[in-house]
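**Student:** Contents of query.pdb (PDB, C-alpha atoms) are below:
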```pdb
ATOM      1  CA  MET A  18     -25.252 -27.908  -2.703  1.00  0.00           C
ATOM      2  CA  ASP A  19     -23.218 -31.103  -3.219  1.00  0.00           C
ATOM      3  CA  GLU A  20     -19.917 -29.958  -4.765  1.00  0.00           C
ATOM      4  CA  THR A  21     -19.275 -33.403  -6.249  1.00  0.00           C
ATOM      5  CA  ALA A  22     -22.460 -33.145  -8.331  1.00  0.00           C
ATOM      6  CA  LEU A  23     -21.137 -30.135 -10.262  1.00  0.00           C
ATOM      7  CA  PRO A  24     -17.363 -30.566 -10.420  1.00  0.00           C
ATOM      8  CA  ASP A  25     -15.010 -27.856 -11.514  1.00  0.00           C
ATOM      9  CA  GLU A  26     -13.183 -28.397 -14.786  1.00  0.00           C
ATOM     10  CA  ILE A  27      -9.776 -27.758 -16.273  1.00  0.00           C
ATOM     11  CA  LEU A  28     -10.162 -27.205 -20.015  1.00  0.00           C
ATOM     12  CA  LEU A  29      -7.507 -27.692 -22.666  1.00  0.00           C
ATOM     13  CA  GLU A  30      -9.085 -26.716 -25.955  1.00  0.00           C
ATOM     14  CA  GLY A  31      -8.012 -26.360 -29.556  1.00  0.00           C
ATOM     15  CA  MET A  32      -4.840 -28.430 -29.271  1.00  0.00           C
ATOM     16  CA  ARG A  33      -3.435 -29.219 -32.708  1.00  0.00           C
ATOM     17  CA  PHE A  34      -1.265 -32.199 -33.534  1.00  0.00           C
ATOM     18  CA  TYR A  35      -0.039 -34.113 -36.551  1.00  0.00           C
ATOM     19  CA  GLY A  36      -0.655 -37.842 -36.384  1.00  0.00           C
ATOM     20  CA  TYR A  37      -0.879 -40.972 -38.481  1.00  0.00           C
ATOM     21  CA  HIS A  38      -4.261 -42.409 -37.516  1.00  0.00           C
ATOM     22  CA  GLY A  39      -6.742 -43.753 -40.015  1.00  0.00           C
ATOM     23  CA  VAL A  40      -8.201 -46.781 -41.726  1.00  0.00           C
ATOM     24  CA  HIS A  41      -6.681 -46.001 -45.115  1.00  0.00           C
ATOM     25  CA  PRO A  42      -3.005 -46.866 -45.693  1.00  0.00           C
ATOM     26  CA  GLU A  43      -2.242 -43.368 -46.996  1.00  0.00           C
ATOM     27  CA  GLU A  44      -3.499 -41.857 -43.720  1.00  0.00           C
ATOM     28  CA  GLN A  45      -1.016 -43.932 -41.752  1.00  0.00           C
ATOM     29  CA  ARG A  46       1.739 -43.185 -44.266  1.00  0.00           C
ATOM     30  CA  LEU A  47       1.198 -39.458 -44.908  1.00  0.00           C
ATOM     31  CA  GLY A  48      -0.505 -38.394 -41.680  1.00  0.00           C
ATOM     32  CA  GLN A  49      -2.838 -35.455 -41.103  1.00  0.00           C
ATOM     33  CA  ARG A  50      -3.934 -32.817 -38.601  1.00  0.00           C
ATOM     34  CA  PHE A  51      -5.942 -33.679 -35.509  1.00  0.00           C
ATOM     35  CA  THR A  52      -7.508 -31.321 -32.996  1.00  0.00           C
ATOM     36  CA  VAL A  53      -8.231 -32.276 -29.407  1.00  0.00           C
ATOM     37  CA  ASP A  54     -10.292 -30.725 -26.616  1.00  0.00           C
ATOM     38  CA  VAL A  55     -10.386 -32.114 -23.091  1.00  0.00           C
ATOM     39  CA  ALA A  56     -12.191 -31.288 -19.866  1.00  0.00           C
ATOM     40  CA  LEU A  57     -10.839 -32.663 -16.595  1.00  0.00           C
ATOM     41  CA  ALA A  58     -13.348 -32.735 -13.735  1.00  0.00           C
ATOM     42  CA  VAL A  59     -11.436 -31.990 -10.558  1.00  0.00           C
ATOM     43  CA  SER A  60     -12.096 -29.875  -7.481  1.00  0.00           C
ATOM     44  CA  LEU A  61     -10.333 -26.550  -7.898  1.00  0.00           C
ATOM     45  CA  ARG A  62     -11.520 -24.950  -4.651  1.00  0.00           C
ATOM     46  CA  ARG A  63      -8.266 -25.373  -2.693  1.00  0.00           C
ATOM     47  CA  ALA A  64      -6.121 -24.268  -5.637  1.00  0.00           C
ATOM     48  CA  GLY A  65      -8.296 -21.195  -6.107  1.00  0.00           C
ATOM     49  CA  GLU A  66      -8.534 -20.265  -2.439  1.00  0.00           C
ATOM     50  CA  ASP A  67      -4.860 -20.908  -1.608  1.00  0.00           C
ATOM     51  CA  ASP A  68      -3.356 -19.917  -4.992  1.00  0.00           C
ATOM     52  CA  ASP A  69      -1.395 -23.171  -4.697  1.00  0.00           C
ATOM     53  CA  VAL A  70      -0.093 -24.832  -7.867  1.00  0.00           C
ATOM     54  CA  GLU A  71       0.296 -28.138  -5.993  1.00  0.00           C
ATOM     55  CA  ALA A  72      -3.470 -28.178  -5.391  1.00  0.00           C
ATOM     56  CA  THR A  73      -4.326 -28.519  -9.076  1.00  0.00           C
ATOM     57  CA  VAL A  74      -3.568 -30.834 -11.971  1.00  0.00           C
ATOM     58  CA  SER A  75      -0.577 -29.898 -14.109  1.00  0.00           C
ATOM     59  CA  TYR A  76      -1.734 -28.473 -17.446  1.00  0.00           C
ATOM     60  CA  SER A  77       1.708 -29.201 -18.885  1.00  0.00           C
ATOM     61  CA  ALA A  78       1.612 -32.846 -17.822  1.00  0.00           C
ATOM     62  CA  ALA A  79      -1.892 -33.259 -19.250  1.00  0.00           C
ATOM     63  CA  TYR A  80      -0.815 -31.688 -22.537  1.00  0.00           C
ATOM     64  CA  ALA A  81       2.253 -33.928 -22.710  1.00  0.00           C
ATOM     65  CA  GLU A  82       0.095 -37.044 -22.279  1.00  0.00           C
ATOM     66  CA  ILE A  83      -2.332 -35.935 -24.983  1.00  0.00           C
ATOM     67  CA  ARG A  84       0.524 -35.136 -27.358  1.00  0.00           C
ATOM     68  CA  ARG A  85       2.195 -38.483 -26.646  1.00  0.00           C
ATOM     69  CA  VAL A  86      -0.967 -40.325 -27.655  1.00  0.00           C
ATOM     70  CA  VAL A  87      -1.902 -38.300 -30.747  1.00  0.00           C
ATOM     71  CA  GLU A  88       1.634 -38.136 -32.118  1.00  0.00           C
ATOM     72  CA  GLY A  89       2.368 -41.717 -31.077  1.00  0.00           C
ATOM     73  CA  GLU A  90       1.423 -45.151 -32.318  1.00  0.00           C
ATOM     74  CA  PRO A  91      -0.987 -45.046 -35.269  1.00  0.00           C
ATOM     75  CA  ARG A  92      -4.536 -46.214 -34.632  1.00  0.00           C
ATOM     76  CA  LYS A  93      -7.192 -47.029 -37.198  1.00  0.00           C
ATOM     77  CA  LEU A  94      -9.937 -45.141 -35.390  1.00  0.00           C
ATOM     78  CA  ILE A  95     -10.109 -41.794 -33.646  1.00  0.00           C
ATOM     79  CA  GLU A  96     -12.327 -43.617 -31.149  1.00  0.00           C
ATOM     80  CA  ALA A  97      -9.222 -45.575 -30.078  1.00  0.00           C
ATOM     81  CA  VAL A  98      -7.195 -42.351 -29.865  1.00  0.00           C
ATOM     82  CA  ALA A  99      -9.865 -40.792 -27.624  1.00  0.00           C
ATOM     83  CA  GLU A 100      -9.959 -43.866 -25.360  1.00  0.00           C
ATOM     84  CA  GLU A 101      -6.190 -43.843 -24.949  1.00  0.00           C
ATOM     85  CA  ILE A 102      -6.195 -40.123 -24.117  1.00  0.00           C
ATOM     86  CA  ALA A 103      -8.958 -40.605 -21.529  1.00  0.00           C
ATOM     87  CA  ALA A 104      -7.127 -43.489 -19.856  1.00  0.00           C
ATOM     88  CA  ALA A 105      -3.849 -41.550 -19.764  1.00  0.00           C
ATOM     89  CA  LEU A 106      -5.489 -38.497 -18.198  1.00  0.00           C
ATOM     90  CA  LEU A 107      -7.318 -40.525 -15.545  1.00  0.00           C
ATOM     91  CA  ALA A 108      -4.017 -42.225 -14.689  1.00  0.00           C
ATOM     92  CA  LEU A 109      -2.153 -38.904 -14.601  1.00  0.00           C
ATOM     93  CA  ASP A 110      -3.599 -37.625 -11.326  1.00  0.00           C
ATOM     94  CA  HIS A 111      -5.889 -39.344  -8.825  1.00  0.00           C
ATOM     95  CA  ARG A 112      -7.803 -36.083  -8.321  1.00  0.00           C
ATOM     96  CA  VAL A 113      -9.254 -36.224 -11.846  1.00  0.00           C
ATOM     97  CA  GLN A 114     -12.727 -37.714 -11.416  1.00  0.00           C
ATOM     98  CA  ARG A 115     -14.008 -37.489 -14.978  1.00  0.00           C
ATOM     99  CA  VAL A 116     -12.539 -36.687 -18.354  1.00  0.00           C
ATOM    100  CA  ARG A 117     -14.281 -35.609 -21.540  1.00  0.00           C
ATOM    101  CA  VAL A 118     -12.251 -35.975 -24.726  1.00  0.00           C
ATOM    102  CA  ARG A 119     -13.052 -34.718 -28.209  1.00  0.00           C
ATOM    103  CA  VAL A 120     -10.790 -35.833 -31.060  1.00  0.00           C
ATOM    104  CA  ALA A 121     -11.416 -34.235 -34.461  1.00  0.00           C
ATOM    105  CA  LYS A 122     -10.027 -35.120 -37.849  1.00  0.00           C
ATOM    106  CA  PRO A 123     -10.580 -32.076 -40.087  1.00  0.00           C
ATOM    107  CA  GLU A 124      -9.397 -33.706 -43.322  1.00  0.00           C
ATOM    108  CA  ALA A 125     -11.096 -37.073 -42.831  1.00  0.00           C
ATOM    109  CA  PRO A 126     -11.532 -38.834 -46.174  1.00  0.00           C
ATOM    110  CA  VAL A 127     -15.294 -39.381 -46.126  1.00  0.00           C
ATOM    111  CA  LYS A 128     -16.361 -40.474 -49.609  1.00  0.00           C
ATOM    112  CA  GLY A 129     -18.702 -37.981 -51.239  1.00  0.00           C
ATOM    113  CA  ALA A 130     -18.969 -35.781 -48.142  1.00  0.00           C
ATOM    114  CA  ILE A 131     -18.625 -32.039 -47.809  1.00  0.00           C
ATOM    115  CA  LEU A 132     -18.016 -31.339 -44.129  1.00  0.00           C
ATOM    116  CA  ASP A 133     -15.825 -29.317 -41.820  1.00  0.00           C
ATOM    117  CA  THR A 134     -14.652 -32.128 -39.581  1.00  0.00           C
ATOM    118  CA  VAL A 135     -15.299 -35.603 -38.277  1.00  0.00           C
ATOM    119  CA  ALA A 136     -15.019 -35.960 -34.513  1.00  0.00           C
ATOM    120  CA  VAL A 137     -15.777 -38.223 -31.586  1.00  0.00           C
ATOM    121  CA  ARG A 138     -16.496 -37.169 -28.009  1.00  0.00           C
ATOM    122  CA  ILE A 139     -16.277 -39.548 -25.072  1.00  0.00           C
ATOM    123  CA  THR A 140     -16.685 -39.208 -21.315  1.00  0.00           C
ATOM    124  CA  ARG A 141     -14.984 -41.557 -18.878  1.00  0.00           C
ATOM    125  CA  TRP A 142     -15.144 -41.655 -15.060  1.00  0.00           C
ATOM    126  CA  ARG A 143     -12.735 -42.843 -12.430  1.00  0.00           C
ATOM    127  CA  MET A 144     -13.919 -46.034 -10.785  1.00  0.00           C
ATOM    128  CA  PRO A 145     -14.783 -45.572  -7.053  1.00  0.00           C
ATOM    129  CA  GLU A 146     -11.910 -47.803  -5.870  1.00  0.00           C
ATOM    130  CA  GLU A 147      -9.444 -45.642  -7.848  1.00  0.00           C
ATOM    131  CA  THR A 148     -10.236 -42.520  -5.821  1.00  0.00           C
ATOM    132  CA  GLN A 149      -8.365 -43.876  -2.796  1.00  0.00           C
ATOM    133  CA  ALA A 150      -4.927 -43.599  -4.482  1.00  0.00           C
TER     134      ALA A 150
END
```
How does the structure come out when it is put into structure tokens?

**Tutor:**
Amino acid sequence: MDETALPDEILLEGMRFYGYHGVHPEEQRLGQRFTVDVALAVSLRRAGEDDDVEATVSYSAAYAEIRRVVEGEPRKLIEAVAEEIAAALLALDHRVQRVRVRVAKPEAPVKGAILDTVAVRITRWRMPEETQA
């Protein structure tokens, strides 16, 4: 079986942050909660076989990048927040081949709606020439 077809994943799920993203001025002034889930596609075979921390992607560094984005510069759209997170995680470590990002806004002001959350999910891949780094 081709191991690259079914990559391993590092999951960081249920991360909670307070940010100032939104279209409405009060969202950017008052802020609100955001939740983020990510999946990093990376081969974990060597890390698992050798029990070697250097053979995997740093969970702490990934978390720090996600936090920097969500708690950083306000964006109008959670789509933009998700894109920035994906780009930061692909740039973090050349071994990350794909990243899936879900950004949720539990208190999104959707006129007339009764819902638990509004969220976006994106998947981005490393370009082939980037794998040589």

**Student:** Please write as JSON, numbers by chain the list of polymer residues whose atoms come within 12 Å of (-9.7, -32.7, -27.3), counting all atoms listed in the file and keeping to the coordinates of the file.

**Tutor:** {"A": [28, 29, 30, 31, 32, 33, 34, 51, 52, 53, 54, 55, 56, 57, 79, 80, 82, 83, 84, 86, 87, 95, 96, 98, 99, 100, 101, 102, 103, 106, 116, 117, 118, 119, 120, 121, 122, 136, 137, 138, 139, 140]}

**Student:** In Å, rounded to a single decimal, give me how far atom CA of A:Arg85 is from atom CA of A:His38.

**Tutor:** 13.2 Å

**Student:** Give me the residues within 12 Å of A:Glu43 as a list in words, counting all atoms listed in the file and dropping any in the same chain fewer than 3 places off.

**Tutor:** Tyr37, His38, Gly39, Val40, Arg46, Leu47, Gly48, Gln49, Pro91, Lys93, Ala125 and Pro126 of chain A

**Student:** Can you measure atom CA of A:Leu94 to atom CA of A:Arg143 for me? One decimal in Å is fine.

**Tutor:** 23.2 Å

**Student:** Mind checking which residues fall within 8 Å of stretch 74-77 of chain A, counting all atoms listed in the file, ignoring those fewer than 5 positions away in the same chain, and posting them as a PyMOL selection string?

**Tutor:** chain A and resi 29+110+112-113

**Student:** Could you write out that same residue set with C-alpha atoms as a PDB file, keeping the file's coordinate frame?

**Tutor:**
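Final output, saved to again33.pdb:
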```
ATOM      1  CA  LEU A  29      -7.507 -27.692 -22.666  1.00  0.00           C
ATOM      2  CA  ASP A 110      -3.599 -37.625 -11.326  1.00  0.00           C
ATOM      3  CA  ARG A 112      -7.803 -36.083  -8.321  1.00  0.00           C
ATOM      4  CA  VAL A 113      -9.254 -36.224 -11.846  1.00  0.00           C
TER       5      VAL A 113
END
```

**Student:** From the options A:Arg92, A:Gly36, A:Pro24, A:Gln114, which residue's atoms come nearest to A:Arg50, counting only C-alpha atoms?

**Tutor:**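 That would be A:Gly36, the residue with the smallest distance to A:Arg50.
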
**Student:** Could you pull the residues within 10 Å of A:Leu61, counting all atoms listed in the file, minus those fewer than 4 positions along the same chain, as a JSON list (two decimals) with C-alpha atoms, in the coordinates of the input?

**Tutor:**
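Listing of selection_10.json after writing:
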```json
[["chain", "number", "residue", "atom", "x", "y", "z"],
["A", 24, "PRO", "CA", -17.36, -30.57, -10.42],
["A", 25, "ASP", "CA", -15.01, -27.86, -11.51],
["A", 26, "GLU", "CA", -13.18, -28.40, -14.79],
["A", 27, "ILE", "CA", -9.78, -27.76, -16.27],
["A", 65, "GLY", "CA", -8.30, -21.20, -6.11],
["A", 66, "GLU", "CA", -8.53, -20.26, -2.44],
["A", 72, "ALA", "CA", -3.47, -28.18, -5.39],
["A", 73, "THR", "CA", -4.33, -28.52, -9.08],
["A", 74, "VAL", "CA", -3.57, -30.83, -11.97],
["A", 112, "ARG", "CA", -7.80, -36.08, -8.32]]
```

**Student:** So what do you get for atom CA of A:Val127 versus atom CA of A:Glu44, distance-wise?

**Tutor:**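 Taking atom CA of A:Val127 and atom CA of A:Glu44, their separation equals 12.3 Å.
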
**Student:** Give the answer as one residue: which of A:Arg141, A:Lys128, A:His41, A:His111 has the shortest atom-to-atom distance to A:Val59, using all atoms listed in the file?

**Tutor:**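 Using all atoms listed in the file, A:Val59 sits closest to A:His111.
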
**Student:** Can you patch up stretch 112-136 of chain A, filling it in to N, CA, C and O atoms, and show the result as a PDB file, keeping the file's coordinate frame?

**Tutor:**
```
ATOM      1  N   ARG A 112      -6.752 -37.066  -8.595  1.00  0.00           N
ATOM      2  CA  ARG A 112      -7.803 -36.083  -8.321  1.00  0.00           C
ATOM      3  C   ARG A 112      -8.762 -35.898  -9.492  1.00  0.00           C
ATOM      4  O   ARG A 112      -9.854 -35.359  -9.328  1.00  0.00           O
ATOM      5  N   VAL A 113      -8.375 -36.337 -10.676  1.00  0.00           N
ATOM      6  CA  VAL A 113      -9.254 -36.224 -11.846  1.00  0.00           C
ATOM      7  C   VAL A 113     -10.354 -37.273 -11.713  1.00  0.00           C
ATOM      8  O   VAL A 113     -10.084 -38.467 -11.671  1.00  0.00           O
ATOM      9  N   GLN A 114     -11.598 -36.818 -11.613  1.00  0.00           N
ATOM     10  CA  GLN A 114     -12.727 -37.714 -11.416  1.00  0.00           C
ATOM     11  C   GLN A 114     -13.415 -38.125 -12.718  1.00  0.00           C
ATOM     12  O   GLN A 114     -13.994 -39.191 -12.809  1.00  0.00           O
ATOM     13  N   ARG A 115     -13.355 -37.223 -13.694  1.00  0.00           N
ATOM     14  CA  ARG A 115     -14.008 -37.489 -14.978  1.00  0.00           C
ATOM     15  C   ARG A 115     -13.213 -36.776 -16.049  1.00  0.00           C
ATOM     16  O   ARG A 115     -12.624 -35.722 -15.795  1.00  0.00           O
ATOM     17  N   VAL A 116     -13.205 -37.342 -17.237  1.00  0.00           N
ATOM     18  CA  VAL A 116     -12.539 -36.687 -18.354  1.00  0.00           C
ATOM     19  C   VAL A 116     -13.460 -36.775 -19.572  1.00  0.00           C
ATOM     20  O   VAL A 116     -14.076 -37.804 -19.820  1.00  0.00           O
ATOM     21  N   ARG A 117     -13.581 -35.638 -20.254  1.00  0.00           N
ATOM     22  CA  ARG A 117     -14.281 -35.609 -21.540  1.00  0.00           C
ATOM     23  C   ARG A 117     -13.228 -35.326 -22.598  1.00  0.00           C
ATOM     24  O   ARG A 117     -12.414 -34.415 -22.432  1.00  0.00           O
ATOM     25  N   VAL A 118     -13.248 -36.101 -23.664  1.00  0.00           N
ATOM     26  CA  VAL A 118     -12.251 -35.975 -24.726  1.00  0.00           C
ATOM     27  C   VAL A 118     -12.975 -35.851 -26.056  1.00  0.00           C
ATOM     28  O   VAL A 118     -13.863 -36.641 -26.355  1.00  0.00           O
ATOM     29  N   ARG A 119     -12.558 -34.869 -26.839  1.00  0.00           N
ATOM     30  CA  ARG A 119     -13.052 -34.718 -28.209  1.00  0.00           C
ATOM     31  C   ARG A 119     -11.840 -34.760 -29.130  1.00  0.00           C
ATOM     32  O   ARG A 119     -10.903 -33.978 -28.966  1.00  0.00           O
ATOM     33  N   VAL A 120     -11.852 -35.715 -30.067  1.00  0.00           N
ATOM     34  CA  VAL A 120     -10.790 -35.833 -31.060  1.00  0.00           C
ATOM     35  C   VAL A 120     -11.437 -35.571 -32.417  1.00  0.00           C
ATOM     36  O   VAL A 120     -12.409 -36.239 -32.783  1.00  0.00           O
ATOM     37  N   ALA A 121     -10.886 -34.601 -33.148  1.00  0.00           N
ATOM     38  CA  ALA A 121     -11.416 -34.235 -34.461  1.00  0.00           C
ATOM     39  C   ALA A 121     -10.368 -34.466 -35.529  1.00  0.00           C
ATOM     40  O   ALA A 121      -9.174 -34.280 -35.310  1.00  0.00           O
ATOM     41  N   LYS A 122     -10.865 -34.834 -36.689  1.00  0.00           N
ATOM     42  CA  LYS A 122     -10.027 -35.120 -37.849  1.00  0.00           C
ATOM     43  C   LYS A 122     -10.553 -34.250 -38.993  1.00  0.00           C
ATOM     44  O   LYS A 122     -11.454 -34.656 -39.733  1.00  0.00           O
ATOM     45  N   PRO A 123     -10.034 -33.026 -39.114  1.00  0.00           N
ATOM     46  CA  PRO A 123     -10.580 -32.076 -40.087  1.00  0.00           C
ATOM     47  C   PRO A 123     -10.521 -32.522 -41.536  1.00  0.00           C
ATOM     48  O   PRO A 123     -11.395 -32.179 -42.321  1.00  0.00           O
ATOM     49  N   GLU A 124      -9.516 -33.284 -41.924  1.00  0.00           N
ATOM     50  CA  GLU A 124      -9.397 -33.706 -43.322  1.00  0.00           C
ATOM     51  C   GLU A 124      -9.768 -35.170 -43.509  1.00  0.00           C
ATOM     52  O   GLU A 124      -9.205 -35.857 -44.366  1.00  0.00           O
ATOM     53  N   ALA A 125     -10.709 -35.665 -42.725  1.00  0.00           N
ATOM     54  CA  ALA A 125     -11.096 -37.073 -42.831  1.00  0.00           C
ATOM     55  C   ALA A 125     -11.603 -37.390 -44.237  1.00  0.00           C
ATOM     56  O   ALA A 125     -12.434 -36.662 -44.777  1.00  0.00           O
ATOM     57  N   PRO A 126     -11.095 -38.467 -44.831  1.00  0.00           N
ATOM     58  CA  PRO A 126     -11.532 -38.834 -46.174  1.00  0.00           C
ATOM     59  C   PRO A 126     -12.873 -39.569 -46.143  1.00  0.00           C
ATOM     60  O   PRO A 126     -12.932 -40.790 -46.093  1.00  0.00           O
ATOM     61  N   VAL A 127     -13.954 -38.810 -46.136  1.00  0.00           N
ATOM     62  CA  VAL A 127     -15.294 -39.381 -46.126  1.00  0.00           C
ATOM     63  C   VAL A 127     -15.825 -39.284 -47.552  1.00  0.00           C
ATOM     64  O   VAL A 127     -16.067 -38.176 -48.056  1.00  0.00           O
ATOM     65  N   LYS A 128     -15.992 -40.418 -48.193  1.00  0.00           N
ATOM     66  CA  LYS A 128     -16.361 -40.474 -49.609  1.00  0.00           C
ATOM     67  C   LYS A 128     -17.656 -39.687 -49.881  1.00  0.00           C
ATOM     68  O   LYS A 128     -18.682 -39.920 -49.259  1.00  0.00           O
ATOM     69  N   GLY A 129     -17.547 -38.750 -50.801  1.00  0.00           N
ATOM     70  CA  GLY A 129     -18.702 -37.981 -51.239  1.00  0.00           C
ATOM     71  C   GLY A 129     -19.212 -36.946 -50.265  1.00  0.00           C
ATOM     72  O   GLY A 129     -20.267 -36.353 -50.488  1.00  0.00           O
ATOM     73  N   ALA A 130     -18.481 -36.695 -49.178  1.00  0.00           N
ATOM     74  CA  ALA A 130     -18.969 -35.781 -48.142  1.00  0.00           C
ATOM     75  C   ALA A 130     -18.324 -34.407 -48.259  1.00  0.00           C
ATOM     76  O   ALA A 130     -17.147 -34.287 -48.583  1.00  0.00           O
ATOM     77  N   ILE A 131     -19.123 -33.401 -47.976  1.00  0.00           N
ATOM     78  CA  ILE A 131     -18.625 -32.039 -47.809  1.00  0.00           C
ATOM     79  C   ILE A 131     -18.916 -31.693 -46.353  1.00  0.00           C
ATOM     80  O   ILE A 131     -20.078 -31.556 -45.961  1.00  0.00           O
ATOM     81  N   LEU A 132     -17.848 -31.605 -45.556  1.00  0.00           N
ATOM     82  CA  LEU A 132     -18.016 -31.339 -44.129  1.00  0.00           C
ATOM     83  C   LEU A 132     -16.779 -30.660 -43.580  1.00  0.00           C
ATOM     84  O   LEU A 132     -15.718 -30.702 -44.190  1.00  0.00           O
ATOM     85  N   ASP A 133     -16.949 -30.011 -42.447  1.00  0.00           N
ATOM     86  CA  ASP A 133     -15.825 -29.317 -41.820  1.00  0.00           C
ATOM     87  C   ASP A 133     -14.893 -30.263 -41.078  1.00  0.00           C
ATOM     88  O   ASP A 133     -13.677 -30.112 -41.103  1.00  0.00           O
ATOM     89  N   THR A 134     -15.471 -31.220 -40.374  1.00  0.00           N
ATOM     90  CA  THR A 134     -14.652 -32.128 -39.581  1.00  0.00           C
ATOM     91  C   THR A 134     -15.447 -33.363 -39.200  1.00  0.00           C
ATOM     92  O   THR A 134     -16.676 -33.335 -39.193  1.00  0.00           O
ATOM     93  N   VAL A 135     -14.732 -34.403 -38.881  1.00  0.00           N
ATOM     94  CA  VAL A 135     -15.299 -35.603 -38.277  1.00  0.00           C
ATOM     95  C   VAL A 135     -14.694 -35.669 -36.881  1.00  0.00           C
ATOM     96  O   VAL A 135     -13.493 -35.470 -36.716  1.00  0.00           O
ATOM     97  N   ALA A 136     -15.527 -35.942 -35.880  1.00  0.00           N
ATOM     98  CA  ALA A 136     -15.019 -35.960 -34.513  1.00  0.00           C
ATOM     99  C   ALA A 136     -15.769 -36.989 -33.678  1.00  0.00           C
ATOM    100  O   ALA A 136     -16.890 -37.382 -34.018  1.00  0.00           O
TER     101      ALA A 136
END
```
